[in-house]
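Asker: Handing you a structure now.
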Amino acid sequence: MSLEQNSIPEILYEDNHLLAVNKRVGDLVQGDNTGDDPVTVNLKQYLKEKYNKPGNVFLGVAHRIDRPVSGVVVFARTSKALTRLNAMFQEKTSQKTYLAIVKNKPPKSNDHLFHWIVRNQKQNKSYCYDKQVPDSKKAELIYTLKASSDNYHLLEIKLITGRHHQIRSQLSKIGCAIKGDLKYGFNRSNPDGGIDLHAYSIEFEHPVTKENLKIIASLPTGRLWKFFEKGFKKNVS
């Protein structure tokens with residue numbers, strides 16, 4: 001059965017080894033206890049139809065972003081590419097950049113945040129501490145204030161570590177919960193159930209060709225994102 005045009009996210013990059021998409025709010029990168037199909041199901045069908053592939057299609061998950069978050073996700077089309085991507089992400093040789101809309105202006109226009117994070121599996125939530133506590137892992141990110149409206153502020157975030165819910169937890173810790181993120185202290189949800197956190201770009205060495213890649217995911221279409229887009233692009237790093 002052929003795929004409907006809107007059944008897969010926007011394709012950002014595609015070759016024999018990689019497939020990158022602009023994940024939509026609500027898309028699952030990998031299956032969870034909801035039982036909902038992850039986005040890989042339809043992406044595999046897309047590859048099967050496009051290249052007329054018989055049998056099963058391989059599509060490996062090398063990294064994830066949360067269900068209520070949008071933005072770039074890279075998948076591996078071969079086991080060799082997946083092994084090398086996994087090593088790259090573990091060794092932190094890639095650079096991931098996120099954008100977040102927050103209600104409260106951060107205490108500094110830019111800062112390097114260090115915290116210790118503890119993940120609570122039952123609550124599916126992470127807690128930030130200023131000092132090391134039992135079972136905690138170090139979390140680091142750098143944020144920069146890029147633009148402001150009357151009521152909201154746009155932050156650019158460079159991830160240094162990759163902990164569970166790290167950006168959401170660390171920004172909440174400094175009083176800057178992300179718009180729509182009820183779990184981390186924002187006062188109301190967004191109509192689509194998502195949060196205003198977007199995986200804007202990822203830079204890494206292609207696992208096979210060794211060329212340097214920078215894949216950018218266009219911003220969401222909401223009113224606030226449109227407002228911030230012009231100011232952000234003038235100041236993008």
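Please note that chains go A, B, ... in the order of the structure tokens, that every chain numbers its residues from 1, and that ligands are numbered from 1 in the order shown.
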Using DSSP on the backbone coordinates, identify all residues within segment 45-145 of chain A classified as helix (DSSP H, G or I); present the result as a PyMOL selection string.

Answerer: chain A and resi 45-50+79-90

Asker: Once you have the residues from the selection above, write them out as a tab-separated table (two decimals), in the first residue's frame, restricted to N, CA and C atoms.

Answerer:
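The resulting result.tsv:
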chain	number	residue	atom	x	y	z
A	45	GLN	N	8.98	2.27	4.63
A	45	GLN	CA	8.07	2.07	3.50
A	45	GLN	C	8.39	3.05	2.38
A	46	TYR	N	8.73	4.28	2.76
A	46	TYR	CA	9.14	5.30	1.77
A	46	TYR	C	10.36	4.82	0.98
A	47	LEU	N	11.38	4.30	1.69
A	47	LEU	CA	12.59	3.81	1.02
A	47	LEU	C	12.28	2.59	0.15
A	48	LYS	N	11.43	1.73	0.66
A	48	LYS	CA	11.05	0.51	-0.08
A	48	LYS	C	10.40	0.87	-1.41
A	49	GLU	N	9.47	1.86	-1.36
A	49	GLU	CA	8.77	2.25	-2.58
A	49	GLU	C	9.67	3.05	-3.51
A	50	LYS	N	10.45	3.95	-2.98
A	50	LYS	CA	11.29	4.81	-3.82
A	50	LYS	C	12.33	4.01	-4.60
A	79	SER	N	24.22	-0.96	8.17
A	79	SER	CA	24.73	-1.31	9.49
A	79	SER	C	26.11	-0.68	9.72
A	80	LYS	N	26.90	-0.55	8.67
A	80	LYS	CA	28.22	0.08	8.80
A	80	LYS	C	28.07	1.55	9.21
A	81	ALA	N	27.16	2.24	8.56
A	81	ALA	CA	26.93	3.66	8.90
A	81	ALA	C	26.40	3.78	10.33
A	82	LEU	N	25.54	2.85	10.75
A	82	LEU	CA	24.98	2.91	12.11
A	82	LEU	C	26.08	2.72	13.16
A	83	THR	N	26.95	1.75	12.94
A	83	THR	CA	28.04	1.51	13.89
A	83	THR	C	28.92	2.75	14.03
A	84	ARG	N	29.23	3.37	12.93
A	84	ARG	CA	30.10	4.56	12.97
A	84	ARG	C	29.38	5.77	13.55
A	85	LEU	N	28.09	5.92	13.25
A	85	LEU	CA	27.33	7.02	13.86
A	85	LEU	C	27.23	6.84	15.37
A	86	ASN	N	26.96	5.62	15.80
A	86	ASN	CA	26.88	5.35	17.24
A	86	ASN	C	28.17	5.74	17.94
A	87	ALA	N	29.30	5.37	17.35
A	87	ALA	CA	30.60	5.70	17.94
A	87	ALA	C	30.81	7.21	17.97
A	88	MET	N	30.40	7.87	16.90
A	88	MET	CA	30.56	9.33	16.81
A	88	MET	C	29.75	10.05	17.89
A	89	PHE	N	28.52	9.61	18.09
A	89	PHE	CA	27.68	10.26	19.09
A	89	PHE	C	28.16	9.95	20.50
A	90	GLN	N	28.67	8.74	20.72
A	90	GLN	CA	29.21	8.39	22.04
A	90	GLN	C	30.48	9.19	22.34

Asker: List as CSV every residue of segment 131-205 of chain A that is in contact with segment 6-30 of chain A, defined as an atom at most 10 Å from one of its atoms (using only C-alpha atoms), together with the nearest atom pair and the distance in Å rounded to one decimal, sorted by chain and then rising number.

Answerer:
residue,atom,partner,partner_atom,distance
A:Asp192,CA,A:Val25,CA,7.6
A:Gly193,CA,A:Gly26,CA,7.6
A:Gly194,CA,A:Val25,CA,5.6
A:Ile195,CA,A:Val25,CA,8.0
A:Asp196,CA,A:Val25,CA,9.4
A:Leu197,CA,A:Val25,CA,9.6
A:His198,CA,A:Lys23,CA,9.3
A:Ala199,CA,A:Asn22,CA,8.6
A:Tyr200,CA,A:Asn22,CA,8.9
A:Ser201,CA,A:Asn22,CA,9.9

Asker: So that I can check the secondary structure, give me every residue of chain A assigned strand (DSSP E) by backbone DSSP, as an NGL selection string.

Answerer: :A and (10-14 or 18-23 or 60-61 or 70-76 or 95-102 or 110-120 or 125-129 or 137-148 or 153-159 or 197-205 or 212-216)

Asker: List as a PyMOL selection string the protein and nucleic acid residues near Pro134 of chain A, meaning an atom at most 10 Å away when only C-alpha atoms are counted, but skip any in the same chain fewer than 2 places from it.

Answerer: chain A and resi 116-118+132+136-137

Asker: From the list A:Ser218, A:Gln170, A:Asn42, A:Ser70, which residue is nearest Tyr129 of chain A when using only C-alpha atoms?

Answerer: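 The answer is A:Gln170, which sits nearest to Tyr129 of chain A.
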
Asker: Taking only C-alpha atoms into account, name the residue in A:Ser94, A:Ile65, A:Gly71, A:Arg163 that is nearest to Phe204 of chain A.

Answerer: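 Of all the options, A:Ser94 lies closest to Phe204 of chain A.
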
Asker: Taking 5 positions as the minimum chain separation for residues in the same chain, which residues sit within 10 Å of Lys173 of chain A when counting only C-alpha atoms? Answer as a compact mmCIF listing (two decimals) with N, CA and C atoms, in the first residue's frame.

Answerer:
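Once written, result.txt looks like this:
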# COMPACT_ATOMS: atom_id res chain seq x y z
N HIS A 115 25.40 21.16 35.47
CA HIS A 115 24.55 20.58 36.51
C HIS A 115 24.84 19.08 36.62
N TYR A 127 16.00 15.34 37.01
CA TYR A 127 16.13 16.41 38.00
C TYR A 127 17.57 16.92 38.02
N CYS A 128 17.71 18.24 38.07
CA CYS A 128 19.02 18.90 38.05
C CYS A 128 19.46 19.30 39.46
N TYR A 129 20.73 19.10 39.72
CA TYR A 129 21.31 19.51 41.00
C TYR A 129 22.59 20.31 40.73
N ASP A 130 22.89 21.24 41.66
CA ASP A 130 24.09 22.05 41.52
C ASP A 130 25.35 21.30 41.89
N ILE A 167 18.11 19.50 28.14
CA ILE A 167 17.81 20.91 27.89
C ILE A 167 16.59 21.34 28.69
N ARG A 168 15.56 20.51 28.69
CA ARG A 168 14.33 20.84 29.40
C ARG A 168 14.59 21.01 30.89
N TYR A 184 8.12 20.31 33.03
CA TYR A 184 9.26 21.04 33.60
C TYR A 184 8.90 22.48 34.00
N GLY A 185 7.63 22.70 34.30
CA GLY A 185 7.27 23.92 34.99
C GLY A 185 6.59 25.01 34.21

Asker: Find the residues around Glu229 of chain A up to 12 Å (only C-alpha atoms counted), leave out those fewer than 6 positions away in its own chain, and share them as a ChimeraX atom specification.

Answerer: /A:99-101,146-149,153-155,200,218-223,235-236

Asker: Can you tell me which residues surround Gln95 of chain A at a distance of at most 8 Å, considering only C-alpha atoms, apart from same-chain residues fewer than 6 positions away, and format the answer as a list in words?

Answerer: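 Counting only the stated atoms, we get Lys158, Leu159, Ile160, Ile202, Glu203 and Phe204 of chain A.
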
Asker: Mind dumping the selected residues with N, CA and C atoms as a PDB file, in the first residue's frame?

Answerer:
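Result file is selection-v3.pdb:
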ATOM      1  N   LYS A 158      23.732  24.962  22.540  1.00  0.00           N
ATOM      2  CA  LYS A 158      24.736  24.026  22.031  1.00  0.00           C
ATOM      3  C   LYS A 158      24.914  22.941  23.091  1.00  0.00           C
ATOM      4  N   LEU A 159      24.600  21.712  22.731  1.00  0.00           N
ATOM      5  CA  LEU A 159      24.728  20.603  23.684  1.00  0.00           C
ATOM      6  C   LEU A 159      26.176  20.131  23.779  1.00  0.00           C
ATOM      7  N   ILE A 160      26.642  19.951  24.986  1.00  0.00           N
ATOM      8  CA  ILE A 160      27.978  19.383  25.211  1.00  0.00           C
ATOM      9  C   ILE A 160      27.858  17.928  25.661  1.00  0.00           C
ATOM     10  N   ILE A 202      22.525  19.738  13.036  1.00  0.00           N
ATOM     11  CA  ILE A 202      23.523  18.777  13.499  1.00  0.00           C
ATOM     12  C   ILE A 202      24.698  18.809  12.528  1.00  0.00           C
ATOM     13  N   GLU A 203      25.902  18.864  13.076  1.00  0.00           N
ATOM     14  CA  GLU A 203      27.123  18.876  12.266  1.00  0.00           C
ATOM     15  C   GLU A 203      27.962  17.665  12.635  1.00  0.00           C
ATOM     16  N   PHE A 204      28.423  16.938  11.624  1.00  0.00           N
ATOM     17  CA  PHE A 204      29.217  15.737  11.888  1.00  0.00           C
ATOM     18  C   PHE A 204      29.945  15.315  10.610  1.00  0.00           C
TER      19      PHE A 204
END

Asker: Skipping near chain neighbours, those fewer than 4 positions away, what residues fall within 8 Å of Phe114 of chain A using only C-alpha atoms, listed as a CSV table (one decimal) with N, CA and C atoms, in the first residue's frame?

Answerer:
chain,number,residue,atom,x,y,z
A,130,ASP,N,22.9,21.2,41.7
A,130,ASP,CA,24.1,22.1,41.5
A,130,ASP,C,25.4,21.3,41.9
A,138,LYS,N,26.9,14.2,34.9
A,138,LYS,CA,27.2,15.6,34.6
A,138,LYS,C,26.5,16.0,33.3
A,139,ALA,N,25.9,17.2,33.4
A,139,ALA,CA,25.2,17.8,32.2
A,139,ALA,C,25.8,19.2,31.9
A,140,GLU,N,26.1,19.4,30.6
A,140,GLU,CA,26.7,20.7,30.2
A,140,GLU,C,26.0,21.1,28.9
A,141,LEU,N,25.7,22.4,28.9
A,141,LEU,CA,25.3,23.1,27.6
A,141,LEU,C,25.7,24.5,27.7
